[in-house]
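A.B. asks: Please read through the structure below; I'll follow up with questions.
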Amino acid sequence: MSHRVENPGDGPRTILFFLTQQGIAPLPSRSSVYRALVRHGLISPTPRRRRASDYKRFERPRPMDLWQMDIVGGVRLGDGSTLPILSGLDDHSRYVVSAKIVVRATATRVCEALTIALERYGAPAEILTDNGKVFTGRFGPGSGEVMFDRICREAGVRHILTAPRAPTTIGKVERWHKTLRGEFLTGRVFDSLAHAQAELDAWVRRYNHERPHQGIGDRVPWDRFKLAAQIRSVPPRRSARSELTTRKVTTQGQISFAGQMYGVGSAFAGETVSAELTDGLVQIHHHDVLVATHVQKHSPAKERPALARRARPVHPAPRQATTGQAVIRKVGASGNLSFAGMTYRVAPAHAKRQVQVAIVDDVVEISAGGRVIRTHPIRHQRSREAGAFANPRGRPHRINAA
């Protein structure tokens, strides 16, 4: 119980994390720690108000892709005044990039805090805020850009706004506010603004560098945030490494690795790509060209089996059978074509394009520009082939019909 007394904001999950770090074995269950805290009066039992599945969750795939920023009050001084904080955190890593106490939440003070964060960490790709007048002139009397928008524009940052009355859109920074109030602000009165800022800076350092975060798999935010520099310095071509495997890209433009989905791009649907692990990053290459980089989301315990599994190699059939016939078909919008009364998959990348279909032995061979792009075992009735080949360019006025 001494850990909870020294760190009153740590819950059962966080306490278990530090017990693991100290090598304590066997470990109690999380429910056992929870009951012990309730029994000693260190926490109050509260029913869960809403299931996590009720919320639509999103997370940017890499650090510095998006910052969420907002203003929160509650810093009480000895003279009776209450000061606000401009807060901001990185969406992917939950790393706090801004916790600046200001006398008043005016546009000038908020923009000064934003400038400090940009100078310290660099410019993210996007910043997400609500529709407060210090952030945007969207609902103001004027039509020009406000100072916050101008700073974002000059720094090359895209400023995006939440929908009106939709606070859950910036739910990550709002959740951090709850933690901030419960663990740092509640019941505290500071001598001065400087004293409050020094205490807040120390608390944020622990939050960023020592405390595990449940939302990112019980990792410390810094473990994810520090990978931003590595992502920006990734070379465009892959060097020879041992931690390499291959995957086939799904129609949604993703690959599956160690139980997690990583985006590649719909343009690569149906293609085989290589996935490489490098210092906490998953780098995806297509023909040795880097096409996507992601921060690792999967569990390290699942890496070895995932690396051992590879995409099945595709051995194209010969370009043209000596006795085979070929016809022209048009690929539909869904990436399929019809031949001999049966639908065969091509790829979304070839949608609405003409391809050549041939029968080579027991294989349906689909090619474009003299290159085989897909092969399938024959699934249609062989008796219908004569009718299909009788229309080498498809039915009249309907080029994609058999």
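Identifiers for the structure tokens are assigned positionally: chains receive A, B, ... in sequence, residues are indexed from 1 per chain, and ligands are indexed from 1 in the order shown.
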Hey, what's within 12 Å of A:Met342 if we count only C-alpha atoms and toss same-chain stuff fewer than 2 positions away? As a ChimeraX atom specification, please?
C.D. replies: /A:336-340,344-345,364,376-382,384-385,388,401-402
A.B. asks: Need the shell around stretch 92-97 of chain A: protein/DNA/RNA residues with any atom at most 7 Å away, counting only C-alpha atoms. Skip same-chain ones fewer than 4 positions apart. Format as a PyMOL selection string?
C.D. replies: chain A and resi 59-63+88+117+208+221-222+224-225
A.B. asks: Using DSSP assignments from the backbone, pull out every residue in stretch 271-380 of chain A that falls under strand (DSSP E or B) and give it to me as a VMD selection string.
C.D. replies: chain A and resid 272 to 278 281 to 286 289 to 295 326 to 330 336 to 339 342 to 345 354 to 360 363 to 368 371 to 377
A.B. asks: As a PyMOL selection string, please: the residues near A:Ile160 (cut-off 12 Å, only C-alpha atoms, same-chain neighbours under 3 positions excluded).
C.D. replies: chain A and resi 66-69+125-131+135-136+138+148-149+152-153+157+163+169-170
A.B. asks: Do a neighbour search on stretch 18-23 of chain A at 10 Å with only C-alpha atoms, toss out local chain neighbours closer than 4 positions, and write the hits as a list in words.
C.D. replies: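 The residues satisfying every condition are His3, Arg13, Thr14, Leu27, Pro28, Glu210, Arg211 and Pro212 of chain A.
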A.B. asks: May I have the residues from that selection written out with C-alpha atoms, as a compact mmCIF listing (two decimals), in the first residue's frame?
C.D. replies:
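What landed in result-v9.txt:
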# COMPACT_ATOMS: atom_id res chain seq x y z
CA HIS A 3 3.25 2.83 -3.39
CA ARG A 13 -2.93 -1.62 -13.41
CA THR A 14 -0.13 0.90 -12.80
CA LEU A 27 2.02 -11.21 -8.86
CA PRO A 28 -1.53 -10.71 -7.53
CA GLU A 210 7.96 6.68 -16.17
CA ARG A 211 4.26 5.97 -15.91
CA PRO A 212 2.75 3.25 -18.18
A.B. asks: I'd like the interatomic distance between atom CA of A:Arg181 and atom CA of A:Gly74, to a tenth of an Å.
C.D. replies: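 Atom-to-atom, atom CA of A:Arg181 to atom CA of A:Gly74, that is 7.6 Å.
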A.B. asks: Distance atom CA of A:Met147-atom CA of A:Thr108, one decimal place?
C.D. replies: 7.8 Å
A.B. asks: Can you list, as number ranges by chain, all residues belonging to stretch 30-145 of chain A that DSSP tags as helix (DSSP H, G or I)?
C.D. replies: A: 30-39, 52-54, 107-121
